[in-house]
$ cat coords.txt   # compact mmCIF, C-alpha atoms
# COMPACT_ATOMS: atom_id res chain seq x y z
CA MET A 1 9.22 -0.24 -23.91
CA SER A 2 11.72 0.49 -21.21
CA ARG A 3 10.73 -2.47 -19.05
CA SER A 4 10.44 -5.37 -21.43
CA PRO A 5 11.01 -8.68 -19.69
CA ALA A 6 14.13 -9.35 -21.72
CA ARG A 7 15.75 -6.08 -20.73
CA ARG A 8 14.87 -6.57 -17.13
CA CYS A 9 16.49 -9.96 -17.08
CA ILE A 10 19.66 -8.67 -18.70
CA LEU A 11 19.74 -5.89 -16.17
CA LEU A 12 19.41 -8.34 -13.33
CA ARG A 13 21.99 -10.61 -14.81
CA GLY A 14 24.43 -7.69 -14.83
CA THR A 15 23.86 -6.69 -11.24
CA THR A 16 23.93 -10.21 -9.93
CA ARG A 17 27.21 -10.94 -11.67
CA LEU A 18 28.65 -7.82 -10.22
CA SER A 19 27.42 -8.55 -6.80
CA ARG A 20 28.76 -11.95 -5.80
CA ALA A 21 30.86 -14.73 -7.15
CA LEU A 22 28.72 -17.76 -7.58
CA GLN A 23 28.88 -21.19 -9.03
CA ALA A 24 28.01 -20.87 -12.69
CA SER A 25 25.42 -23.58 -12.54
CA MET A 26 23.52 -21.96 -9.70
CA LEU A 27 23.55 -18.72 -11.58
CA ALA A 28 22.09 -20.25 -14.71
CA LEU A 29 19.39 -21.97 -12.73
CA ALA A 30 18.45 -18.81 -10.91
CA PHE A 31 18.07 -16.91 -14.17
CA SER A 32 15.98 -19.36 -16.02
CA VAL A 33 13.56 -19.49 -13.10
CA ALA A 34 13.49 -15.75 -12.53
CA CYS A 35 13.07 -14.73 -16.17
CA HIS A 36 10.42 -17.30 -16.70
CA ALA A 37 8.41 -15.94 -13.81
CA GLU A 38 8.75 -12.40 -15.09
CA GLU A 39 7.59 -13.23 -18.56
CA ARG A 40 4.51 -14.75 -17.08
CA ALA A 41 3.90 -11.71 -14.89
CA VAL A 42 4.21 -9.36 -17.85
CA ALA A 43 2.42 -11.41 -20.46
CA SER A 44 -0.82 -12.36 -18.71
CA PRO A 45 -2.06 -8.99 -17.42
CA GLY A 46 -3.13 -7.74 -20.83
CA GLY A 47 -6.68 -8.80 -20.04
CA LEU A 48 -9.48 -6.64 -18.71
CA GLU A 49 -10.02 -8.78 -15.60
CA ALA A 50 -6.41 -8.49 -14.46
CA LYS A 51 -6.43 -4.76 -15.12
CA LEU A 52 -9.60 -4.27 -13.12
CA GLU A 53 -8.20 -6.18 -10.18
CA TYR A 54 -5.20 -3.88 -10.32
CA CYS A 55 -7.33 -0.71 -10.35
CA LYS A 56 -9.28 -2.07 -7.39
CA THR A 57 -6.21 -2.72 -5.24
CA CYS A 58 -6.02 1.05 -4.90
CA HIS A 59 -9.58 2.18 -5.61
CA GLY A 60 -11.18 -0.30 -3.22
CA LEU A 61 -12.06 -3.91 -3.81
CA SER A 62 -15.52 -2.93 -5.08
CA GLY A 63 -14.52 0.45 -6.51
CA GLN A 64 -15.85 2.29 -3.42
CA GLY A 65 -12.58 4.19 -2.88
CA TYR A 66 -9.83 3.68 -0.31
CA ARG A 67 -7.85 5.77 2.12
CA GLY A 68 -4.18 5.06 1.55
CA TYR A 69 -1.45 7.59 2.19
CA PHE A 70 -3.40 9.49 -0.47
CA PRO A 71 -7.17 9.26 -0.80
CA MET A 72 -8.09 7.12 -3.83
CA PRO A 73 -11.39 8.17 -5.27
CA ARG A 74 -14.49 6.07 -5.66
CA LEU A 75 -14.86 4.99 -9.29
CA ALA A 76 -18.00 2.91 -8.77
CA GLY A 77 -21.02 4.35 -10.58
CA GLN A 78 -18.91 7.06 -12.16
CA GLN A 79 -19.85 8.45 -15.58
CA PRO A 80 -17.88 6.61 -18.30
CA GLN A 81 -17.36 9.80 -20.29
CA TYR A 82 -15.88 11.51 -17.24
CA LEU A 83 -13.60 8.55 -16.45
CA GLU A 84 -12.31 8.50 -20.01
CA ASN A 85 -11.70 12.25 -19.93
CA GLN A 86 -9.71 11.98 -16.73
CA LEU A 87 -7.63 9.03 -17.86
CA ARG A 88 -6.75 10.95 -20.99
CA ALA A 89 -5.97 14.05 -18.91
CA PHE A 90 -3.55 12.00 -16.78
CA ILE A 91 -1.86 10.60 -19.88
CA GLU A 92 -1.49 14.06 -21.45
CA ARG A 93 -0.45 15.60 -18.10
CA ARG A 94 -3.28 18.10 -18.18
CA ARG A 95 -4.12 16.62 -14.79
CA THR A 96 -1.01 16.09 -12.71
CA ASN A 97 -0.71 13.16 -10.36
CA PRO A 98 2.44 11.03 -10.36
CA ILE A 99 0.63 7.83 -9.42
CA MET A 100 -2.15 7.99 -12.00
CA ALA A 101 0.17 9.27 -14.74
CA ASN A 102 2.08 6.00 -14.43
CA VAL A 103 -1.04 3.88 -14.25
CA ALA A 104 -2.72 5.51 -17.23
CA HIS A 105 0.08 5.80 -19.77
CA VAL A 106 0.11 2.06 -20.50
CA LEU A 107 -3.66 1.83 -21.16
CA SER A 108 -4.80 1.44 -24.76
CA PRO A 109 -7.83 3.50 -25.88
CA GLY A 110 -9.87 0.30 -26.06
CA MET A 111 -8.90 -0.61 -22.51
CA VAL A 112 -9.81 2.86 -21.27
CA SER A 113 -13.34 2.49 -22.66
CA ALA A 114 -13.77 -1.02 -21.30
CA LEU A 115 -12.62 0.02 -17.82
CA ALA A 116 -14.88 3.07 -17.81
CA ALA A 117 -17.90 0.98 -18.80
CA HIS A 118 -17.20 -1.57 -16.06
CA PHE A 119 -17.10 0.92 -13.19
CA ARG A 120 -20.39 2.45 -14.30
CA SER A 121 -22.28 -0.67 -13.25
CA LEU A 122 -20.85 -1.00 -9.72
CA ASP A 123 -22.95 0.23 -6.82
CA PRO A 124 -21.31 -0.31 -3.41
CA LYS A 125 -22.32 1.69 -0.33
CA PRO A 126 -20.64 5.08 0.17
CA PHE A 127 -17.24 4.83 1.84
CA GLY A 128 -18.45 7.09 4.67
CA GLY A 129 -16.32 8.53 7.45
CA ALA A 130 -16.94 12.21 6.68
CA PRO A 131 -17.58 14.56 9.62
CA ARG A 132 -21.33 14.90 9.89
CA GLY A 133 -21.56 18.27 11.59
CA SER A 134 -21.70 20.49 8.52
CA ALA A 135 -23.76 18.32 6.16
CA ALA A 136 -26.83 20.58 6.50
CA LEU A 137 -24.85 23.59 5.31
CA GLY A 138 -23.40 21.38 2.58
CA LYS A 139 -26.87 20.44 1.36
CA ARG A 140 -27.84 24.10 1.13
CA ILE A 141 -24.71 24.97 -0.85
CA TYR A 142 -25.23 21.94 -3.07
CA GLU A 143 -28.84 22.78 -3.91
CA GLU A 144 -28.83 26.58 -3.83
CA GLY A 145 -25.24 27.72 -4.26
CA ILE A 146 -23.89 30.82 -2.51
CA PRO A 147 -25.04 33.71 -4.72
CA GLU A 148 -23.09 36.40 -2.82
CA ALA A 149 -19.84 34.46 -3.34
CA ASN A 150 -20.50 33.65 -6.99
CA VAL A 151 -20.93 29.97 -6.28
CA PRO A 152 -23.61 28.32 -8.44
CA ALA A 153 -25.81 25.49 -7.22
CA CYS A 154 -23.83 22.30 -7.76
CA SER A 155 -27.04 20.46 -8.52
CA ALA A 156 -27.45 22.51 -11.70
CA CYS A 157 -24.68 20.50 -13.32
CA HIS A 158 -24.03 17.48 -11.09
CA GLY A 159 -27.77 16.71 -10.74
CA MET A 160 -30.04 16.71 -7.65
CA ASP A 161 -28.92 13.15 -6.86
CA ALA A 162 -25.24 14.08 -7.50
CA ARG A 163 -24.81 11.27 -9.99
CA GLY A 164 -23.54 13.51 -12.79
CA GLN A 165 -23.95 13.02 -16.51
CA ASN A 166 -21.55 12.58 -19.43
CA GLU A 167 -18.44 14.63 -18.70
CA ILE A 168 -19.85 15.93 -15.40
CA PRO A 169 -18.81 13.55 -12.62
CA ARG A 170 -20.83 11.73 -10.02
CA LEU A 171 -20.04 13.17 -6.57
CA ALA A 172 -22.39 10.91 -4.58
CA GLY A 173 -20.53 8.61 -2.19
CA GLN A 174 -17.16 10.12 -3.00
CA LEU A 175 -14.44 10.01 -0.31
CA TYR A 176 -14.53 13.12 1.84
CA ASP A 177 -10.73 13.61 1.87
CA TYR A 178 -10.58 13.22 -1.87
CA THR A 179 -13.33 15.79 -2.61
CA VAL A 180 -11.78 18.28 -0.19
CA GLY A 181 -8.36 17.75 -1.78
CA GLN A 182 -9.67 18.29 -5.32
CA LEU A 183 -11.68 21.41 -4.55
CA THR A 184 -8.91 23.07 -2.53
CA GLY A 185 -6.13 22.14 -4.96
CA TRP A 186 -7.97 22.50 -8.27
CA ALA A 187 -5.75 25.06 -9.97
CA LYS A 188 -2.55 23.18 -9.07
CA ALA A 189 -3.56 19.78 -10.44
CA ARG A 190 -6.13 20.26 -13.18
CA GLY A 191 -6.13 22.10 -16.47
CA GLN A 192 -2.32 22.19 -16.67
CA GLY A 193 -0.59 23.20 -19.88
CA SER A 194 -1.98 25.43 -22.58
CA ALA A 195 -4.93 23.39 -23.88
CA VAL A 196 -8.28 24.36 -22.34
CA ASP A 197 -10.29 21.34 -21.22
CA THR A 198 -13.44 20.51 -19.24
CA SER A 199 -11.66 21.29 -15.97
CA ALA A 200 -12.10 25.00 -16.76
CA ILE A 201 -15.85 24.64 -16.10
CA MET A 202 -15.22 23.88 -12.42
CA ALA A 203 -12.24 26.20 -11.87
CA PRO A 204 -14.10 29.39 -10.85
CA THR A 205 -16.44 27.50 -8.52
CA ALA A 206 -13.57 25.71 -6.80
CA HIS A 207 -11.80 29.05 -6.46
CA ASN A 208 -14.78 30.83 -4.90
CA LEU A 209 -15.51 28.24 -2.19
CA SER A 210 -13.92 28.80 1.23
CA ARG A 211 -12.27 25.91 3.02
CA SER A 212 -15.18 25.43 5.43
CA GLN A 213 -17.71 25.55 2.57
CA VAL A 214 -15.70 22.91 0.72
CA GLU A 215 -15.71 20.71 3.83
CA ALA A 216 -19.46 21.13 4.23
CA VAL A 217 -20.33 20.23 0.66
CA ALA A 218 -17.81 17.35 0.58
CA ALA A 219 -19.40 15.89 3.73
CA TYR A 220 -22.87 16.21 2.23
CA VAL A 221 -22.14 14.46 -1.07
CA GLY A 222 -19.97 11.86 0.67
CA TYR A 223 -23.04 10.32 2.30
CA LEU A 224 -25.30 10.35 -0.77
CA PRO A 225 -26.00 6.84 -2.11
CA MET B 1 8.61 -27.08 4.99
CA THR B 2 6.91 -23.86 5.74
CA GLU B 3 10.09 -22.22 7.02
CA ALA B 4 11.42 -21.78 3.49
CA PRO B 5 11.88 -17.98 3.58
CA PHE B 6 15.62 -18.10 3.95
CA GLN B 7 16.27 -20.60 1.26
CA MET B 8 16.08 -18.12 -1.63
CA CYS B 9 18.38 -15.47 -0.26
CA GLY B 10 21.22 -17.73 0.69
CA VAL B 11 23.39 -16.67 -2.22
CA ARG B 12 23.70 -12.98 -1.89
CA LYS B 13 25.20 -11.67 1.29
CA PRO B 14 27.71 -12.75 3.88
CA GLU B 15 24.96 -12.58 6.48
CA ALA B 16 22.86 -14.81 4.28
CA ARG B 17 24.48 -17.90 5.60
CA TRP B 18 23.77 -16.75 9.11
CA ARG B 19 20.21 -16.06 8.12
CA ARG B 20 19.86 -19.48 6.64
CA LEU B 21 21.15 -20.95 9.86
CA MET B 22 18.58 -18.94 11.72
CA GLY B 23 15.89 -20.32 9.46
CA GLY B 24 14.18 -23.61 9.93
CA MET B 25 14.17 -24.98 13.41
CA SER B 26 17.28 -23.41 14.86
CA TRP B 27 15.97 -19.91 15.52
CA LYS B 28 13.18 -21.28 17.62
CA ILE B 29 15.73 -22.74 19.93
CA VAL B 30 17.40 -19.37 20.04
CA VAL B 31 14.18 -17.65 21.01
CA LEU B 32 13.43 -20.20 23.63
CA ALA B 33 16.90 -19.72 25.03
CA ILE B 34 16.34 -16.00 25.18
CA VAL B 35 13.01 -16.34 26.88
CA GLY B 36 14.63 -18.61 29.39
CA SER B 37 17.82 -16.76 30.21
CA VAL B 38 18.45 -13.30 28.82
CA ALA B 39 15.44 -11.55 30.28
CA PRO B 40 17.27 -9.83 33.16
CA VAL B 41 19.71 -8.22 30.72
CA LEU B 42 16.82 -6.47 28.99
CA ALA B 43 15.54 -4.87 32.16
CA PHE B 44 16.44 -1.44 30.76
CA ASP B 45 13.37 -1.62 28.50
CA GLY B 46 11.54 0.68 30.82
CA GLY B 47 11.41 -1.99 33.49
CA ASP B 48 7.81 -2.55 32.44
CA SER B 49 7.01 -6.24 32.59
CA GLN B 50 4.34 -5.90 29.87
CA VAL B 51 6.91 -4.45 27.49
CA ARG B 52 9.48 -7.02 28.51
CA ASN B 53 7.09 -9.81 27.59
CA CYS B 54 7.36 -8.55 24.06
CA THR B 55 11.01 -7.49 23.87
CA TRP B 56 12.11 -10.98 24.85
CA CYS B 57 11.41 -11.91 21.29
CA HIS B 58 11.23 -8.54 19.52
CA GLY B 59 14.67 -7.45 20.75
CA ALA B 60 15.85 -4.63 22.96
CA GLY B 61 13.76 -1.53 22.41
CA GLY B 62 11.51 -3.55 20.09
CA GLN B 63 14.08 -3.11 17.28
CA GLY B 64 13.46 -6.63 15.95
CA TYR B 65 15.35 -9.87 16.43
CA THR B 66 15.64 -12.69 13.88
CA VAL B 67 12.13 -13.43 12.66
CA ALA B 68 10.37 -11.29 15.26
CA PRO B 69 9.96 -7.97 13.42
CA ARG B 70 10.84 -4.52 14.61
CA LEU B 71 7.92 -2.91 16.45
CA ALA B 72 9.71 0.36 17.24
CA GLY B 73 8.32 3.29 15.26
CA GLN B 74 5.51 1.21 13.80
CA ARG B 75 2.10 2.92 13.45
CA SER B 76 0.15 2.30 16.65
CA GLU B 77 -3.12 1.70 14.78
CA TYR B 78 -1.40 -0.93 12.68
CA LEU B 79 0.15 -2.63 15.73
CA GLU B 80 -3.26 -2.76 17.39
CA SER B 81 -4.87 -4.17 14.26
CA GLN B 82 -2.27 -6.95 14.09
CA ILE B 83 -2.59 -7.81 17.78
CA LYS B 84 -6.29 -8.17 17.10
CA SER B 85 -5.57 -10.33 14.04
CA PHE B 86 -3.37 -12.62 16.16
CA ARG B 87 -6.02 -12.83 18.87
CA GLU B 88 -8.71 -13.71 16.36
CA HIS B 89 -6.36 -16.07 14.53
CA THR B 90 -6.83 -14.14 11.28
CA ARG B 91 -3.07 -13.70 10.85
CA ASP B 92 -2.33 -17.32 10.27
CA ASN B 93 1.18 -17.95 8.96
CA PRO B 94 3.28 -20.53 10.86
CA PHE B 95 5.34 -17.99 12.86
CA SER B 96 2.22 -16.10 13.83
CA ARG B 97 0.50 -19.26 15.01
CA GLN B 98 3.44 -20.54 16.89
CA TYR B 99 4.55 -17.35 18.63
CA MET B 100 2.04 -14.55 18.46
CA TRP B 101 -1.26 -16.35 19.01
CA GLY B 102 -0.04 -17.32 22.45
CA ALA B 103 1.81 -14.08 23.20
CA VAL B 104 -1.34 -11.94 22.94
CA ALA B 105 -3.95 -14.48 24.04
CA SER B 106 -4.45 -12.93 27.46
CA LEU B 107 -3.69 -9.32 26.55
CA ALA B 108 -6.55 -6.97 27.54
CA PRO B 109 -7.61 -4.46 24.85
CA GLN B 110 -6.34 -1.54 26.93
CA ASP B 111 -2.95 -3.22 27.38
CA ALA B 112 -2.77 -3.84 23.64
CA ARG B 113 -3.46 -0.16 23.05
CA ASP B 114 -0.82 0.90 25.58
CA LEU B 115 1.81 -1.43 24.16
CA ALA B 116 1.03 -0.27 20.63
CA ALA B 117 1.38 3.36 21.68
CA TYR B 118 4.61 2.58 23.54
CA PHE B 119 6.31 0.79 20.64
CA ALA B 120 5.11 3.40 18.14
CA SER B 121 6.88 6.05 20.19
CA VAL B 122 10.31 4.34 20.19
CA PRO B 123 12.56 5.72 17.39
CA PRO B 124 13.15 2.92 14.86
CA LYS B 125 16.59 1.84 13.58
CA PRO B 126 16.84 0.67 9.96
CA ALA B 127 17.96 -2.93 9.41
CA ASN B 128 20.10 -2.02 6.35
CA ASP B 129 20.45 -5.70 5.51
CA GLY B 130 19.20 -5.91 1.92
CA ASP B 131 21.24 -6.05 -1.28
CA SER B 132 22.16 -2.52 -2.28
CA PHE B 133 22.32 -3.39 -6.00
CA LEU B 134 18.78 -4.71 -6.00
CA ALA B 135 17.63 -1.76 -3.90
CA VAL B 136 17.88 0.57 -6.92
CA ARG B 137 15.24 -1.37 -8.79
CA GLY B 138 13.25 -1.81 -5.59
CA LYS B 139 12.97 1.93 -5.23
CA THR B 140 11.60 2.30 -8.75
CA ILE B 141 8.96 -0.36 -8.13
CA TYR B 142 8.11 1.18 -4.78
CA LEU B 143 7.45 4.59 -6.31
CA ASP B 144 6.09 3.79 -9.78
CA GLY B 145 4.84 0.24 -9.53
CA ILE B 146 5.08 -1.70 -12.82
CA PRO B 147 1.96 -0.50 -14.61
CA GLU B 148 2.30 -2.88 -17.57
CA ALA B 149 2.50 -5.84 -15.16
CA ASN B 150 -0.30 -4.52 -12.92
CA VAL B 151 2.02 -3.98 -9.96
CA ALA B 152 0.58 -1.15 -7.86
CA SER B 153 2.85 1.61 -6.60
CA CYS B 154 3.47 1.01 -2.90
CA TYR B 155 3.96 4.73 -2.40
CA ALA B 156 0.23 5.42 -2.89
CA CYS B 157 -0.59 3.63 0.38
CA HIS B 158 2.62 3.38 2.38
CA GLY B 159 3.72 6.97 1.72
CA PRO B 160 6.69 8.63 0.01
CA ASN B 161 9.17 7.55 2.68
CA ALA B 162 7.56 4.19 3.48
CA GLU B 163 6.46 5.70 6.78
CA GLY B 164 2.90 4.37 6.70
CA VAL B 165 -0.21 6.09 8.00
CA ARG B 166 -3.04 5.05 10.36
CA ASN B 167 -3.39 1.27 10.02
CA ILE B 168 -1.07 1.09 6.99
CA PRO B 169 2.33 0.01 8.31
CA ARG B 170 5.71 1.71 8.14
CA LEU B 171 7.90 -0.46 5.92
CA GLY B 172 11.10 1.60 5.92
CA GLY B 173 13.95 -0.14 7.74
CA LEU B 174 12.21 -3.45 8.46
CA ALA B 175 14.48 -6.47 8.07
CA TYR B 176 15.01 -7.89 4.58
CA ALA B 177 14.04 -11.45 5.51
CA TYR B 178 10.88 -10.36 7.30
CA LEU B 179 9.69 -8.20 4.38
CA LYS B 180 10.46 -10.93 1.88
CA THR B 181 8.65 -13.59 3.89
CA ARG B 182 5.59 -11.40 4.36
CA LEU B 183 5.33 -10.62 0.67
CA GLU B 184 5.71 -14.31 -0.20
CA GLN B 185 3.13 -15.42 2.34
CA TRP B 186 0.23 -13.49 0.84
CA GLY B 187 0.97 -15.27 -2.42
CA GLN B 188 0.93 -18.58 -0.57
CA GLY B 189 -2.56 -17.88 0.75
CA TYR B 190 -1.85 -16.71 4.30
CA HIS B 191 -3.76 -13.73 5.69
CA SER B 192 -3.04 -10.86 8.02
CA GLY B 193 -6.27 -8.89 8.08
CA MET B 194 -9.76 -8.92 6.63
CA GLY B 195 -10.39 -7.29 3.25
CA THR B 196 -6.96 -5.70 2.95
CA PRO B 197 -5.43 -4.95 -0.45
CA MET B 198 -2.12 -6.75 0.20
CA PRO B 199 -3.05 -10.22 -1.08
CA VAL B 200 -3.82 -8.71 -4.49
CA VAL B 201 -0.72 -6.51 -4.43
CA ALA B 202 1.50 -9.46 -3.53
CA ARG B 203 0.00 -11.76 -6.15
CA SER B 204 1.33 -9.45 -8.87
CA LEU B 205 4.93 -9.68 -7.59
CA GLY B 206 7.48 -12.20 -8.87
CA PRO B 207 10.45 -13.37 -6.78
CA ASN B 208 12.76 -10.76 -8.34
CA GLU B 209 10.39 -7.93 -7.52
CA ILE B 210 10.04 -9.16 -3.94
CA GLU B 211 13.80 -9.32 -3.40
CA ALA B 212 14.27 -5.86 -4.92
CA LEU B 213 11.52 -4.30 -2.79
CA ALA B 214 12.65 -5.98 0.42
CA SER B 215 16.22 -4.83 -0.27
CA TYR B 216 15.22 -1.25 -0.90
CA LEU B 217 12.91 -1.00 2.09
CA SER B 218 15.51 -2.39 4.51
CA PHE B 219 17.60 0.75 3.89
CA VAL B 220 14.87 3.38 4.18
CA ARG B 221 15.09 5.35 7.40
$ encode --input "coords.txt" --output "structure tokens"
Amino acid sequence: MSRSPARRCILLRGTTRLSRALQASMLALAFSVACHAEERAVASPGGLEAKLEYCKTCHGLSGQGYRGYFPMPRLAGQQPQYLENQLRAFIERRRTNPIMANVAHVLSPGMVSALAAHFRSLDPKPFGGAPRGSAALGKRIYEEGIPEANVPACSACHGMDARGQNEIPRLAGQLYDYTVGQLTGWAKARGQGSAVDTSAIMAPTAHNLSRSQVEAVAAYVGYLP
Amino acid sequence: MTEAPFQMCGVRKPEARWRRLMGGMSWKIVVLAIVGSVAPVLAFDGGDSQVRNCTWCHGAGGQGYTVAPRLAGQRSEYLESQIKSFREHTRDNPFSRQYMWGAVASLAPQDARDLAAYFASVPPKPANDGDSFLAVRGKTIYLDGIPEANVASCYACHGPNAEGVRNIPRLGGLAYAYLKTRLEQWGQGYHSGMGTPMPVVARSLGPNEIEALASYLSFVR
């Protein structure tokens, strides 16, 4: 543990001493208050509720997703098996993302399962905001694929309602920016390292879609309930 | 006393004593004095009386002055959203109530948009007034969060260089005391918008984290 409360306090003590000359009594008072507060902050969040609140600061207060500097995907209604797979992929760096690598590496296996099960039961409205113009083309790609470009029908795996199953994710209601980002950047972020994982199933399809086809299909699924 | 923000930082910097003096009642007198007398000196702010109504408190070029934050370089969508929050009395801390509710009460939506666009276009100057020792830890929290303490990485929303995007504000270079006060106020139950993530983010921060983050951000340009 590189950030145990004790170490952090010692660290702070060092820098504060360095920084300014102070009355010893004030110093002592400041430390006992500060370290106390930190212990509380580190000790209590072991619970599921606190962890969920933390996930939802970024993923939307009801798990519907959020547009920060980066798009943060909807987790609500997502397949638990898929969520677990992805959290493990972040931890093992098979899926690269600096933010989620940090978030995931402190989660115990039991916590991962509990979190995944919780999000399954949430059902907020889609985030929305996707351009609507190309949704008709998106629907056609989703349901029929693009045979001449070697793109299979998405519905074959993700389901007609785009809610996925097991390790195949729900796409319905997903943030437009996020879906576009994943499909255009697949090879750079997923399936890293030598181990072959479930990301390989999507790799050729992501590769064969053009940018405008990606935008069309992302807009279509983004509005599905 | 609600004007406690300066009390905690009084021990660290030479300017701290000045800041403490500016805290409490005294700064209000300063602002009033400025409103009353210094206005003509600031005529170089484009000569636009709308802008001057704001720079009286927010400093020349909107670079910030005492507790009135820098507006220069701030995201225009964010500025507009806050003007709306002041108008609707959603942003409800004591300084907001006392100064900003009145300042925007008769501002037409188009004027709010124009002022937001104007201030967003002025190049911002960093305050550089945090503690540089604490800034090192502040940077780590900013980028990585503290996952084991459920502190979210600020970077995910505010961007790699704290530059903000759309209605998510630029934080880089804002004044130490302003940043610290804002982060404390969410924990104290004050609001600044509807359904924003910041109350939850701020609740996870202890006083040490807040000082480290505010220090780091004051130096980011």
$ residues_near_point --input "coords.txt" --point "(-20.7, 11.6, -4.2)" --cutoff "10 Å" --atoms "all atoms listed in the file" --output "PDB file with C-alpha atoms, keeping the file's coordinate frame"
ATOM      1  CA  PRO A  73     -11.390   8.170  -5.270  1.00  0.00           C
ATOM      2  CA  ARG A  74     -14.490   6.070  -5.660  1.00  0.00           C
ATOM      3  CA  GLY A  77     -21.020   4.350 -10.580  1.00  0.00           C
ATOM      4  CA  GLN A  78     -18.910   7.060 -12.160  1.00  0.00           C
ATOM      5  CA  PRO A 126     -20.640   5.080   0.170  1.00  0.00           C
ATOM      6  CA  PHE A 127     -17.240   4.830   1.840  1.00  0.00           C
ATOM      7  CA  HIS A 158     -24.030  17.480 -11.090  1.00  0.00           C
ATOM      8  CA  ASP A 161     -28.920  13.150  -6.860  1.00  0.00           C
ATOM      9  CA  ALA A 162     -25.240  14.080  -7.500  1.00  0.00           C
ATOM     10  CA  ARG A 163     -24.810  11.270  -9.990  1.00  0.00           C
ATOM     11  CA  GLY A 164     -23.540  13.510 -12.790  1.00  0.00           C
ATOM     12  CA  PRO A 169     -18.810  13.550 -12.620  1.00  0.00           C
ATOM     13  CA  ARG A 170     -20.830  11.730 -10.020  1.00  0.00           C
ATOM     14  CA  LEU A 171     -20.040  13.170  -6.570  1.00  0.00           C
ATOM     15  CA  ALA A 172     -22.390  10.910  -4.580  1.00  0.00           C
ATOM     16  CA  GLY A 173     -20.530   8.610  -2.190  1.00  0.00           C
ATOM     17  CA  GLN A 174     -17.160  10.120  -3.000  1.00  0.00           C
ATOM     18  CA  LEU A 175     -14.440  10.010  -0.310  1.00  0.00           C
ATOM     19  CA  TYR A 176     -14.530  13.120   1.840  1.00  0.00           C
ATOM     20  CA  THR A 179     -13.330  15.790  -2.610  1.00  0.00           C
ATOM     21  CA  VAL A 217     -20.330  20.230   0.660  1.00  0.00           C
ATOM     22  CA  ALA A 218     -17.810  17.350   0.580  1.00  0.00           C
ATOM     23  CA  ALA A 219     -19.400  15.890   3.730  1.00  0.00           C
ATOM     24  CA  TYR A 220     -22.870  16.210   2.230  1.00  0.00           C
ATOM     25  CA  VAL A 221     -22.140  14.460  -1.070  1.00  0.00           C
ATOM     26  CA  GLY A 222     -19.970  11.860   0.670  1.00  0.00           C
ATOM     27  CA  TYR A 223     -23.040  10.320   2.300  1.00  0.00           C
ATOM     28  CA  LEU A 224     -25.300  10.350  -0.770  1.00  0.00           C
ATOM     29  CA  PRO A 225     -26.000   6.840  -2.110  1.00  0.00           C
TER      30      PRO A 225
END
$ closest_residue --input "coords.txt" --among "A:Leu61, A:Ile99, A:Val196, A:Ala187" --to "Cys154 (chain B)" --atoms "all atoms listed in the file"
A:Ile99
$ atom_distance --input "coords.txt" --atom1 "CA of Ala156 (chain B)" --atom2 "CA of Tyr69 (chain A)"
5.8 Å
$ closest_atom_pairs --input "coords.txt" --of "chain B" --to "chain A" --cutoff "6 Å" --atoms "all atoms listed in the file" --output "CSV"
residue,atom,partner,partner_atom,distance
B:Pro147,CA,A:Val103,CA,5.3
B:Ala149,CA,A:Val42,CA,4.7
B:Asn150,CA,A:Tyr54,CA,5.6
B:Ala156,CA,A:Tyr69,CA,5.8
B:Cys157,CA,A:Gly68,CA,4.0
B:His158,CA,A:Tyr69,CA,5.9
B:Gly159,CA,A:Tyr69,CA,5.2
B:Pro197,CA,A:Thr57,CA,5.3
$ write_last_selection --input "coords.txt" --atoms "C-alpha atoms" --output "short mmCIF file (atom, residue, chain, number, x, y, z; two decimals), keeping the file's coordinate frame"
data_model
loop_
_atom_site.label_atom_id
_atom_site.label_comp_id
_atom_site.auth_asym_id
_atom_site.auth_seq_id
_atom_site.Cartn_x
_atom_site.Cartn_y
_atom_site.Cartn_z
CA PRO B 147 1.96 -0.50 -14.61
CA ALA B 149 2.50 -5.84 -15.16
CA ASN B 150 -0.30 -4.52 -12.92
CA ALA B 156 0.23 5.42 -2.89
CA CYS B 157 -0.59 3.63 0.38
CA HIS B 158 2.62 3.38 2.38
CA GLY B 159 3.72 6.97 1.72
CA PRO B 197 -5.43 -4.95 -0.45
#
$ closest_residue --input "coords.txt" --among "A:Gln64, A:Ser210, A:Ser113, A:Ser134" --to "Gln81 (chain A)" --atoms "all atoms listed in the file"
A:Ser113
$ closest_residue --input "coords.txt" --among "A:Ala136, A:Ile146, A:Val214, A:Val151" --to "Asp177 (chain A)" --atoms "all atoms listed in the file"
A:Val214
$ atom_distance --input "coords.txt" --atom1 "CA of Ser85 (chain B)" --atom2 "CA of Ala108 (chain B)"
13.9 Å
$ atom_distance --input "coords.txt" --atom1 "CA of Asp131 (chain B)" --atom2 "CA of Glu163 (chain B)"
20.5 Å
$ residues_near_point --input "coords.txt" --point "(11.9, -3.0, 2.1)" --cutoff "12 Å" --atoms "all atoms listed in the file" --output "PyMOL selection string"
chain B and resi 126-132+134-139+141-142+154-155+158+161-163+169-183+209-221
$ closest_residue --input "coords.txt" --among "B:Leu115, B:Val200, B:Ser153, B:Asp92" --to "Ser49 (chain B)" --atoms "all atoms listed in the file"
B:Leu115
$ residues_around --input "coords.txt" --residues "Trp186 (chain A)" --least-positions-apart "3" --cutoff "9 Å" --atoms "all atoms listed in the file" --output "list of chain:residue names"
A:Gly181, A:Gln182, A:Leu183, A:Ala189, A:Arg190, A:Gly191, A:Ser199, A:Met202, A:Ala203, A:Ala206, A:His207
$ residues_around --input "coords.txt" --residues "region 118-123 of chain B" --least-positions-apart "2" --cutoff "7 Å" --atoms "all atoms listed in the file" --output "PyMOL selection string"
chain B and resi 62+71-76+114-116+125
